[in-house]
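What follows is the content of upload-v3.txt, which has compact mmCIF, C-alpha atoms and all ligand atoms:
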```txt
# COMPACT_ATOMS: atom_id res chain seq x y z
CA MET Z 40 38.39 69.99 -30.24
CA LEU Z 41 38.76 66.69 -28.33
CA PHE Z 42 39.17 68.60 -25.07
CA ASP Z 43 35.91 70.45 -25.71
CA ARG Z 44 34.13 67.12 -26.30
CA ILE Z 45 35.56 65.69 -23.06
CA ALA Z 46 34.35 68.71 -21.07
CA GLU Z 47 30.95 68.57 -22.72
CA LEU Z 48 30.56 64.83 -22.08
CA THR Z 49 31.55 65.27 -18.43
CA ARG Z 50 28.77 67.85 -17.92
CA GLU Z 51 26.29 65.65 -19.79
CA MET Z 52 27.12 62.57 -17.70
CA ARG Z 53 26.84 64.43 -14.41
CA ALA Z 54 23.42 65.75 -15.42
CA ALA Z 55 22.26 62.29 -16.54
CA GLY Z 56 23.64 60.73 -13.35
CA ALA Z 57 21.11 62.58 -11.21
CA ASP Z 58 18.22 60.92 -13.06
CA LEU Z 59 19.33 57.30 -12.75
CA ALA Z 60 16.31 56.13 -10.73
CA ASP Z 61 15.93 52.52 -11.81
CA SER Z 62 17.99 49.65 -13.11
CA ALA Z 63 16.88 50.20 -16.72
CA ALA Z 64 18.13 53.80 -16.64
CA ILE Z 65 21.41 52.68 -15.09
CA GLU Z 66 21.90 50.10 -17.83
CA ARG Z 67 21.10 52.70 -20.50
CA PHE Z 68 23.75 54.99 -18.99
CA ARG Z 69 26.33 52.20 -19.03
CA ILE Z 70 25.61 51.38 -22.68
CA THR Z 71 25.64 55.06 -23.75
CA TYR Z 72 28.93 56.00 -22.14
CA LEU Z 73 30.91 52.99 -21.03
CA SER Z 74 30.22 50.17 -23.49
CA ARG Z 75 32.65 49.26 -26.24
CA LYS Z 76 30.61 51.31 -28.73
CA GLY Z 77 29.78 54.07 -26.25
CA HIS Z 78 30.77 57.74 -26.36
CA ILE Z 79 33.91 57.38 -24.29
CA ALA Z 80 35.26 54.52 -26.41
CA GLY Z 81 34.52 56.76 -29.43
CA LEU Z 82 36.71 59.53 -27.99
CA PHE Z 83 39.53 57.07 -27.33
CA GLU Z 84 39.34 56.23 -31.05
CA GLU Z 85 40.00 59.90 -31.84
CA LEU Z 86 43.16 59.89 -29.77
CA LYS Z 87 45.19 58.89 -32.83
CA ASN Z 88 44.22 62.15 -34.59
CA VAL Z 89 45.44 64.33 -31.72
CA ALA Z 90 48.69 66.27 -32.24
CA ARG Z 91 51.67 64.46 -30.72
CA GLU Z 92 52.36 67.11 -28.09
CA ASP Z 93 48.73 67.03 -26.87
CA LYS Z 94 48.55 63.22 -26.60
CA PRO Z 95 49.68 62.82 -22.95
CA ARG Z 96 47.12 65.36 -21.71
CA ALA Z 97 44.37 63.88 -23.90
CA GLY Z 98 45.07 60.37 -22.61
CA LYS Z 99 44.99 61.60 -19.04
CA GLU Z 100 41.70 63.45 -19.49
CA LEU Z 101 40.08 60.51 -21.27
CA ASN Z 102 41.05 58.16 -18.42
CA ALA Z 103 39.61 60.65 -15.94
CA LEU Z 104 36.41 60.83 -18.00
CA ARG Z 105 36.04 57.06 -17.94
CA GLU Z 106 36.62 57.00 -14.21
CA THR Z 107 33.98 59.68 -13.67
CA ALA Z 108 31.46 57.68 -15.69
CA GLN Z 109 32.18 54.56 -13.62
CA GLN Z 110 31.77 56.52 -10.37
CA ILE Z 111 28.41 57.92 -11.46
CA LEU Z 112 27.31 54.41 -12.38
CA ASP Z 113 28.46 52.88 -9.07
CA ALA Z 114 26.81 55.62 -7.03
CA ALA Z 115 23.50 55.20 -8.85
CA THR Z 116 23.60 51.43 -8.39
CA GLU Z 117 24.20 51.75 -4.68
CA ARG Z 118 21.47 54.39 -4.30
CA LEU Z 119 18.97 52.12 -6.04
CA ALA Z 120 19.84 49.17 -3.80
CA ASN Z 121 19.30 51.30 -0.68
CA ASP Z 122 15.98 52.66 -1.98
CA THR Z 123 14.67 49.15 -2.70
CA GLU Z 124 15.58 47.98 0.77
CA ALA Z 125 13.88 50.99 2.35
CA ALA Z 126 10.74 50.44 0.26
CA GLN Z 127 10.52 46.84 1.42
CA ASP Z 128 10.71 47.95 5.03
CA MET Z 129 8.00 50.54 4.62
CA LEU Z 130 4.43 49.80 5.65
CA ASP Z 131 1.83 52.08 4.15
CA VAL Z 132 -0.99 52.04 6.67
CA THR Z 133 -3.20 54.13 4.39
CA LEU Z 134 -3.47 51.37 1.73
CA PRO Z 135 -6.88 49.64 1.60
CA GLY Z 136 -6.80 46.14 3.10
CA ARG Z 137 -6.85 42.98 1.01
CA MET Z 138 -10.21 41.23 1.17
CA SER Z 139 -9.86 37.70 2.47
CA GLN Z 140 -12.33 35.31 0.89
CA ARG Z 141 -14.48 33.20 3.15
CA GLY Z 142 -14.82 29.59 2.15
CA HIS Z 143 -18.23 27.98 1.95
CA MET Z 144 -19.80 24.63 1.30
CA HIS Z 145 -20.14 23.40 -2.27
CA ILE Z 146 -23.75 23.23 -3.41
CA VAL Z 147 -23.59 19.42 -3.63
CA SER Z 148 -22.36 19.13 -0.03
CA ARG Z 149 -24.95 21.64 1.10
CA THR Z 150 -27.76 19.70 -0.59
CA ILE Z 151 -26.59 16.50 1.13
CA GLU Z 152 -26.53 18.38 4.45
CA GLU Z 153 -30.02 19.84 4.00
CA ILE Z 154 -31.59 16.53 3.04
CA SER Z 155 -29.74 14.64 5.78
CA ASP Z 156 -30.88 17.19 8.32
CA ILE Z 157 -34.55 16.61 7.50
CA PHE Z 158 -34.23 12.83 7.80
CA ARG Z 159 -32.15 13.17 10.96
CA ARG Z 160 -35.05 15.06 12.54
CA MET Z 161 -37.32 12.17 11.60
CA GLY Z 162 -35.14 9.74 13.52
CA PHE Z 163 -32.82 8.47 10.76
CA SER Z 164 -29.14 7.98 11.52
CA ILE Z 165 -26.38 8.45 8.92
CA ALA Z 166 -24.48 5.43 7.61
CA ASP Z 167 -21.60 5.00 5.18
CA GLY Z 168 -20.14 2.33 2.94
CA PRO Z 169 -17.22 1.76 0.56
CA GLU Z 170 -17.15 3.25 -2.95
CA ILE Z 171 -15.34 0.17 -4.26
CA GLU Z 172 -17.89 -2.59 -3.93
CA SER Z 173 -18.07 -6.23 -4.80
CA ASP Z 174 -20.52 -7.52 -7.37
CA TYR Z 175 -22.30 -9.26 -4.48
CA TYR Z 176 -23.18 -6.07 -2.55
CA ASN Z 177 -23.81 -3.88 -5.56
CA PHE Z 178 -25.97 -6.37 -7.51
CA GLU Z 179 -26.46 -9.91 -6.28
CA ALA Z 180 -27.65 -9.24 -2.74
CA LEU Z 181 -29.92 -6.52 -4.13
CA ASN Z 182 -31.71 -9.03 -6.31
CA PHE Z 183 -30.28 -7.94 -9.65
CA PRO Z 184 -30.66 -10.88 -12.03
CA ALA Z 185 -27.47 -12.18 -13.68
CA ASP Z 186 -28.48 -10.76 -17.04
CA HIS Z 187 -29.57 -7.33 -15.75
CA PRO Z 188 -28.30 -4.56 -18.08
CA ALA Z 189 -26.73 -2.64 -15.17
CA ARG Z 190 -24.28 -5.53 -14.77
CA ASP Z 191 -23.01 -4.83 -18.26
CA MET Z 192 -19.62 -3.20 -18.81
CA GLN Z 193 -21.54 -0.51 -20.67
CA ASP Z 194 -23.03 0.87 -17.46
CA THR Z 195 -20.63 -0.13 -14.71
CA PHE Z 196 -16.93 0.55 -14.06
CA PHE Z 197 -15.58 -2.91 -13.23
CA LEU Z 198 -12.14 -2.94 -11.58
CA ASP Z 199 -11.71 -6.70 -11.99
CA ASP Z 200 -14.04 -9.71 -12.24
CA GLU Z 201 -15.31 -9.22 -8.72
CA HIS Z 202 -14.92 -5.50 -7.88
CA LEU Z 203 -16.51 -2.36 -9.26
CA LEU Z 204 -17.18 1.29 -8.46
CA ARG Z 205 -20.61 1.22 -6.84
CA THR Z 206 -23.39 2.33 -9.18
CA HIS Z 207 -25.69 3.37 -6.32
CA THR Z 208 -25.55 3.88 -2.54
CA THR Z 209 -28.10 1.07 -2.07
CA PRO Z 210 -25.43 -1.60 -1.18
CA VAL Z 211 -25.06 0.11 2.21
CA GLN Z 212 -28.50 -1.28 3.17
CA ILE Z 213 -27.12 -4.83 2.82
CA ARG Z 214 -24.09 -3.96 4.95
CA LEU Z 215 -26.35 -2.44 7.60
CA MET Z 216 -28.70 -5.43 7.74
CA GLU Z 217 -25.68 -7.76 8.01
CA ARG Z 218 -24.38 -5.88 11.04
CA PHE Z 219 -27.52 -4.82 12.87
CA ARG Z 220 -30.85 -6.45 13.68
CA PRO Z 221 -34.04 -4.41 13.04
CA PRO Z 222 -35.21 -1.84 13.85
CA ILE Z 223 -32.89 -0.09 11.39
CA ARG Z 224 -33.55 3.46 10.31
CA ALA Z 225 -30.74 5.14 8.39
CA ILE Z 226 -29.82 7.17 5.35
CA PHE Z 227 -26.52 6.80 3.50
CA PRO Z 228 -25.24 9.64 1.34
CA GLY Z 229 -22.24 9.18 -0.95
CA LYS Z 230 -20.58 9.15 -4.36
CA VAL Z 231 -21.68 6.75 -7.08
CA TYR Z 232 -20.25 5.98 -10.53
CA ARG Z 233 -21.75 5.09 -13.90
CA ASN Z 234 -20.03 4.39 -17.17
CA GLU Z 235 -21.99 6.98 -19.12
CA VAL Z 236 -21.26 9.59 -21.75
CA ILE Z 237 -20.80 12.95 -19.99
CA SER Z 238 -23.49 15.41 -21.03
CA ALA Z 239 -25.72 18.10 -19.56
CA ARG Z 240 -27.95 15.32 -18.18
CA SER Z 241 -25.52 12.61 -17.09
CA HIS Z 242 -22.06 12.26 -15.61
CA VAL Z 243 -19.72 9.43 -14.68
CA GLN Z 244 -19.66 10.50 -11.03
CA PHE Z 245 -22.49 11.89 -8.95
CA HIS Z 246 -24.09 11.58 -5.50
CA GLN Z 247 -27.06 9.81 -3.99
CA ILE Z 248 -28.78 9.47 -0.65
CA ASP Z 249 -30.35 6.09 -0.07
CA GLY Z 250 -32.55 5.36 2.93
CA LEU Z 251 -33.79 2.27 4.71
CA PHE Z 252 -36.32 1.65 7.44
CA VAL Z 253 -36.90 -1.93 8.62
CA ASP Z 254 -39.01 -2.83 11.64
CA THR Z 255 -42.11 -4.81 12.54
CA ASP Z 256 -45.29 -3.65 10.79
CA VAL Z 257 -43.75 -1.07 8.46
CA THR Z 258 -46.22 -0.36 5.65
CA PHE Z 259 -46.37 1.56 2.40
CA ALA Z 260 -48.34 4.21 4.32
CA ASP Z 261 -45.25 4.76 6.51
CA LEU Z 262 -43.16 5.16 3.38
CA LYS Z 263 -45.56 7.72 1.96
CA GLY Z 264 -45.82 9.61 5.24
CA THR Z 265 -42.05 9.91 5.59
CA LEU Z 266 -41.33 10.88 1.98
CA VAL Z 267 -44.21 13.36 1.75
CA THR Z 268 -42.97 14.99 4.95
CA PHE Z 269 -39.49 15.18 3.46
CA ALA Z 270 -40.72 16.67 0.18
CA ARG Z 271 -42.82 19.32 1.93
CA MET Z 272 -39.98 20.30 4.24
CA TYR Z 273 -37.48 20.48 1.42
CA TYR Z 274 -39.49 21.85 -1.51
CA GLY Z 275 -42.28 23.68 0.32
CA SER Z 276 -45.56 22.79 2.02
CA SER Z 277 -47.93 23.88 -0.75
CA LEU Z 278 -46.84 21.39 -3.40
CA LYS Z 279 -48.88 18.46 -4.68
CA TYR Z 280 -47.34 15.02 -4.92
CA ARG Z 281 -48.02 11.64 -6.46
CA PHE Z 282 -46.56 8.13 -6.45
CA ARG Z 283 -46.26 6.28 -9.77
CA PRO Z 284 -45.66 2.52 -10.01
CA SER Z 285 -42.11 1.74 -11.09
CA PHE Z 286 -39.61 -1.10 -10.95
CA PHE Z 287 -36.40 -1.66 -8.97
CA PRO Z 288 -34.93 -5.15 -8.41
CA PHE Z 289 -34.59 -4.61 -4.64
CA THR Z 290 -38.09 -3.29 -3.85
CA GLU Z 291 -41.57 -4.71 -4.39
CA PRO Z 292 -43.82 -2.87 -4.96
CA SER Z 293 -41.69 0.00 -6.31
CA ALA Z 294 -42.67 3.58 -7.01
CA GLU Z 295 -41.36 6.93 -8.17
CA MET Z 296 -42.43 10.06 -6.38
CA ASP Z 297 -43.32 13.22 -8.28
CA ILE Z 298 -44.04 16.68 -6.96
CA SER Z 299 -46.04 19.34 -8.79
CA CYS Z 300 -43.71 21.56 -10.81
CA TYR Z 301 -43.14 24.66 -8.69
CA LEU Z 302 -41.31 26.37 -11.55
CA CYS Z 303 -44.43 26.73 -13.69
CA GLY Z 304 -47.13 26.21 -11.06
CA ALA Z 305 -47.85 22.79 -12.67
CA LYS Z 306 -48.93 24.48 -15.92
CA GLY Z 307 -46.15 22.79 -17.90
CA CYS Z 308 -42.65 24.06 -18.75
CA ARG Z 309 -39.39 22.89 -20.29
CA VAL Z 310 -38.03 21.54 -16.96
CA CYS Z 311 -41.11 19.38 -16.22
CA LYS Z 312 -41.30 18.46 -19.92
CA TYR Z 313 -44.76 20.08 -20.05
CA THR Z 314 -46.25 17.46 -17.70
CA GLY Z 315 -46.57 19.72 -14.63
CA TRP Z 316 -44.73 17.06 -12.56
CA LEU Z 317 -41.12 16.65 -11.43
CA GLU Z 318 -39.73 13.24 -10.46
CA ILE Z 319 -37.78 13.59 -7.19
CA LEU Z 320 -37.00 10.07 -5.95
CA GLY Z 321 -37.45 6.31 -6.28
CA CYS Z 322 -38.77 4.12 -3.47
CA GLY Z 323 -40.51 0.90 -2.53
CA MET Z 324 -41.02 -1.86 0.04
CA VAL Z 325 -37.88 -3.99 0.57
CA ASP Z 326 -38.13 -7.13 -1.58
CA PRO Z 327 -38.24 -10.41 0.43
CA ASN Z 328 -35.40 -11.73 -1.80
CA VAL Z 329 -33.15 -9.04 -0.28
CA TYR Z 330 -34.04 -10.16 3.27
CA ALA Z 331 -33.04 -13.69 2.33
CA HIS Z 332 -29.41 -12.53 1.78
CA VAL Z 333 -29.15 -10.97 5.25
CA ASN Z 334 -31.17 -13.47 7.31
CA VAL Z 335 -33.98 -11.11 8.18
CA ASP Z 336 -37.30 -12.91 8.55
CA PRO Z 337 -39.78 -11.36 6.07
CA GLU Z 338 -42.67 -12.85 8.07
CA LYS Z 339 -41.62 -10.86 11.09
CA TYR Z 340 -40.13 -7.71 9.59
CA SER Z 341 -40.99 -5.36 6.76
CA GLY Z 342 -39.48 -2.11 5.56
CA TYR Z 343 -39.09 0.47 2.87
CA ALA Z 344 -36.16 1.91 0.95
CA PHE Z 345 -35.70 5.03 -1.14
CA GLY Z 346 -33.05 6.75 -3.22
CA ILE Z 347 -32.57 10.43 -4.03
CA GLY Z 348 -30.22 11.82 -6.69
CA ILE Z 349 -28.33 14.75 -5.15
CA GLU Z 350 -27.27 16.56 -8.32
CA ARG Z 351 -30.75 16.23 -9.78
CA THR Z 352 -32.23 17.62 -6.55
CA ALA Z 353 -29.80 20.55 -6.50
CA MET Z 354 -30.51 21.25 -10.18
CA LEU Z 355 -34.26 21.29 -9.61
CA ARG Z 356 -34.00 23.38 -6.48
CA HIS Z 357 -31.59 25.98 -7.88
CA GLY Z 358 -32.54 25.99 -11.56
CA PHE Z 359 -29.39 24.46 -13.11
CA ASP Z 360 -29.83 22.77 -16.47
CA ASP Z 361 -26.35 21.25 -16.77
CA ILE Z 362 -25.01 18.68 -14.28
CA ARG Z 363 -21.43 19.44 -15.34
CA LEU Z 364 -21.67 22.86 -13.64
CA LEU Z 365 -21.90 21.06 -10.30
CA LEU Z 366 -18.78 18.95 -10.83
CA GLU Z 367 -16.28 21.13 -12.63
CA ASN Z 368 -15.29 23.69 -9.98
CA ASP Z 369 -16.13 26.76 -12.02
CA MET Z 370 -15.76 29.46 -9.35
CA ARG Z 371 -18.35 31.66 -11.10
CA VAL Z 372 -20.89 28.96 -10.24
CA ASN Z 373 -19.59 28.25 -6.76
CA HIS Z 374 -19.55 31.92 -5.75
CA GLN Z 375 -23.29 32.16 -6.36
CA PHE Z 376 -23.93 30.00 -3.30
CA ASN Z 377 -22.06 31.95 -0.65
ZN ZN Z 401 -42.94 22.96 -15.00
```
Represent the structure of the file as structure tokens.
Amino acid sequence: MLFDRIAELTREMRAAGADLADSAAIERFRITYLSRKGHIAGLFEELKNVAREDKPRAGKELNALRETAQQILDAATERLANDTEAAQDMLDVTLPGRMSQRGHMHIVSRTIEEISDIFRRMGFSIADGPEIESDYYNFEALNFPADHPARDMQDTFFLDDEHLLRTHTTPVQIRLMERFRPPIRAIFPGKVYRNEVISARSHVQFHQIDGLFVDTDVTFADLKGTLVTFARMYYGSSLKYRFRPSFFPFTEPSAEMDISCYLCGAKGCRVCKYTGWLEILGCGMVDPNVYAHVNVDPEKYSGYAFGIGIERTAMLRHGFDDIRLLLENDMRVNHQFN
């Protein structure tokens, strides 16, 4: 009886051994036949029921059975190792290639580039300044009164009593006028920071391009000519425009520039708040109080300044309604601007 079982198990193991193609199958084989609760251990248990005279032969055959099982297991393990190595060496030239993704400029960087390019063609150079500014450059030299709300902790990230994260790129105009005598004609793109609640409309970090032109006999007509040229080159030549009086501490007079809403053909829509107009920038003639801080003679020189919000421009141009989409690296957004 036991001898029949041994013969049967030997055949079964040899058959199973041919199918041991992966490590899971090999482990299953080990558990089935060679583990402490496996078939072979079970047959060893039956050894005590075998007639005394048959015991030596039974023991011998059981040991041989166990050895056979171990050989099948070792052979399968070695075969698998060799197969894996061969597979790693193999190169299947018929497989389709992996697409490599081309990088591209973020829409904020591209907007800065496009706007800078237009002003560069009009003779403006590009300037830069620090993002950590002193109160003097960010506010005082730009004629912000001591009690101006922008100087409040509510709106500005102060680092200590004297230093802050700049709230606009306008301080660069002070740094330029300190270093160079007029004529000065430059734009200065960069990051700015405001202590605001993050929402679809506002963020704590965004970008601006400020511009400055100071020379003899610069007039408001020069300002209009330059900014209208910019708006037509950037937004299209058919649009209407208007300048509305406004207020900034560092310009006098100050204005905001609107263009006719190209989304609705100036008929009125949600984006233009049903006015038919879109505000695109702030501007004005440099205030004489600013010249006083940089020793430029306001009798001899005059100039204009302007500031453009980059995210707002990109949102208008490309139809975004949430500023957070431009700052949160959602690849579904970024991929749309390949
Ligand atoms: Zn509209």
Could the residues of chain Z that have an atom at most 6 Å from ligand ZN 401 (chain Z) be listed as a Markdown table, each with its closest atom pair and the distance in Å to one decimal, counting only C-alpha atoms and all ligand atoms and ordered by chain and ascending residue number?
```
| residue | atom | partner | partner_atom | distance |
| --- | --- | --- | --- | --- |
| Z:Cys300 | CA | Z:ZN401 | ZN | 4.5 |
| Z:Leu302 | CA | Z:ZN401 | ZN | 5.1 |
| Z:Cys303 | CA | Z:ZN401 | ZN | 4.3 |
| Z:Ala305 | CA | Z:ZN401 | ZN | 5.4 |
| Z:Gly307 | CA | Z:ZN401 | ZN | 4.3 |
| Z:Cys308 | CA | Z:ZN401 | ZN | 3.9 |
| Z:Val310 | CA | Z:ZN401 | ZN | 5.5 |
| Z:Cys311 | CA | Z:ZN401 | ZN | 4.2 |
| Z:Gly315 | CA | Z:ZN401 | ZN | 4.9 |
```
Those residues with C-alpha atoms, as an mmCIF file, in the coordinates of the input please?
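The result, stored in again_32.cif:
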```
data_model
loop_
_atom_site.group_PDB
_atom_site.id
_atom_site.type_symbol
_atom_site.label_atom_id
_atom_site.label_comp_id
_atom_site.auth_asym_id
_atom_site.auth_seq_id
_atom_site.Cartn_x
_atom_site.Cartn_y
_atom_site.Cartn_z
ATOM 1 C CA CYS Z 300 -43.710 21.560 -10.810
ATOM 2 C CA LEU Z 302 -41.310 26.370 -11.550
ATOM 3 C CA CYS Z 303 -44.430 26.730 -13.690
ATOM 4 C CA ALA Z 305 -47.850 22.790 -12.670
ATOM 5 C CA GLY Z 307 -46.150 22.790 -17.900
ATOM 6 C CA CYS Z 308 -42.650 24.060 -18.750
ATOM 7 C CA VAL Z 310 -38.030 21.540 -16.960
ATOM 8 C CA CYS Z 311 -41.110 19.380 -16.220
ATOM 9 C CA GLY Z 315 -46.570 19.720 -14.630
#
```
Q. Quick one: distance from atom CA of His202 of chain Z to atom CA of Tyr232 of chain Z in Å, one decimal?
A. 12.9 Å
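The list of residues with at least one atom within 10 Å of Arg69 of chain Z, based on only C-alpha atoms and without residues fewer than 4 positions apart in the same chain, reads Ala63, Ala64, Ile65, Leu73, Ser74, Gly77, Ala108, Gln109, Ile111 and Leu112 of chain Z.
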Q.
Taking 6 positions as the minimum chain separation for residues in the same chain, which residues sit within 9 Å of Asn182 of chain Z when counting all atoms listed in the file? Answer as a ChimeraX atom specification.
A. /Z:288-290,326,328-329
Q | Near-segment 57-61 of chain Z list (7 Å; only C-alpha atoms; drop same-chain fewer than 4 positions) as a PyMOL selection string | A | chain Z and resi 53+65+115+119
Q: Show which residues sit within 12 Å of Gly142 of chain Z, as a PyMOL selection string. Count only C-alpha atoms, and ignore same-chain residues fewer than 5 positions away.
A: chain Z and resi 370+373-374+376-377
Could you write out that same residue set with C-alpha atoms as a CSV table (one decimal), in the frame of the given file?
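What follows is the written file out19.csv:
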```csv
chain,number,residue,atom,x,y,z
Z,370,MET,CA,-15.8,29.5,-9.4
Z,373,ASN,CA,-19.6,28.2,-6.8
Z,374,HIS,CA,-19.6,31.9,-5.8
Z,376,PHE,CA,-23.9,30.0,-3.3
Z,377,ASN,CA,-22.1,32.0,-0.6
```
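Counting all atoms listed in the file, Ile349 of chain Z has the following residues at most 7 Å away, ignoring those fewer than 4 positions along the same chain: Val147, Thr150, Ile151, His246, Gln247, Ile248 and Ala353 of chain Z.
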Q. How far is it from atom CA of Glu318 of chain Z to atom CA of Ala180 of chain Z, in Å with one decimal?
A.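 It comes out at 26.7 Å.
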Q) With distances taken over only C-alpha atoms, which of Z:Ile213, Z:Val325, Z:Ala80, Z:Ile171 is nearest to Lys230 of chain Z? A)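 Residue with the minimum atom-to-atom distance to Lys230 of chain Z: Z:Ile171.
We find atom CA of Ala166 of chain Z and atom CA of Ile226 of chain Z to be spaced 6.1 Å apart.
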Q.
Using all atoms listed in the file, can you tell me which of Z:Glu350, Z:Glu85, Z:Glu170, Z:Glu100 comes closest to Leu203 of chain Z?
A.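 Counting all atoms listed in the file, the residue closest to Leu203 of chain Z is Z:Glu170.
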Using 10 Å as the limit and counting only C-alpha atoms, can you tabulate each residue of segment 58-169 of chain Z that touches segment 260-274 of chain Z, with its shortest atom-to-atom distance in Å and the two atoms involved, as a tab-separated table?
```
residue	atom	partner	partner_atom	distance
Z:Thr150	CA	Z:Tyr273	CA	10.0
Z:Glu153	CA	Z:Tyr273	CA	7.9
Z:Ile154	CA	Z:Tyr273	CA	7.3
Z:Ile157	CA	Z:Phe269	CA	6.5
Z:Phe158	CA	Z:Phe269	CA	7.2
Z:Met161	CA	Z:Thr265	CA	8.0
```
Q) Which residue gives the smallest distance to Pro210 of chain Z among Z:Ser276, Z:Asn121, Z:Asn88, Z:Ser173, with all atoms listed in the file counted? A)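 Once distances to Pro210 of chain Z are computed over all atoms listed in the file, the minimum belongs to Z:Ser173.
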(Q) Measuring between all atoms listed in the file, which one of Z:His145, Z:Arg50, Z:His357, Z:Arg75 shows the shortest distance to Asp369 of chain Z? (A)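 With all atoms listed in the file as the atom set, the closest residue is Z:His145.
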Q. For Met354 of chain Z, which residue out of Z:Leu86, Z:Ile146, Z:Met296, Z:Val231 is the nearest one, using all atoms listed in the file?
A. Z:Ile146
Q) Which of these residues is nearest to Phe345 of chain Z, using all atoms listed in the file: Z:Leu320, Z:Val253, Z:Ala331, Z:Ala126? A) Z:Leu320
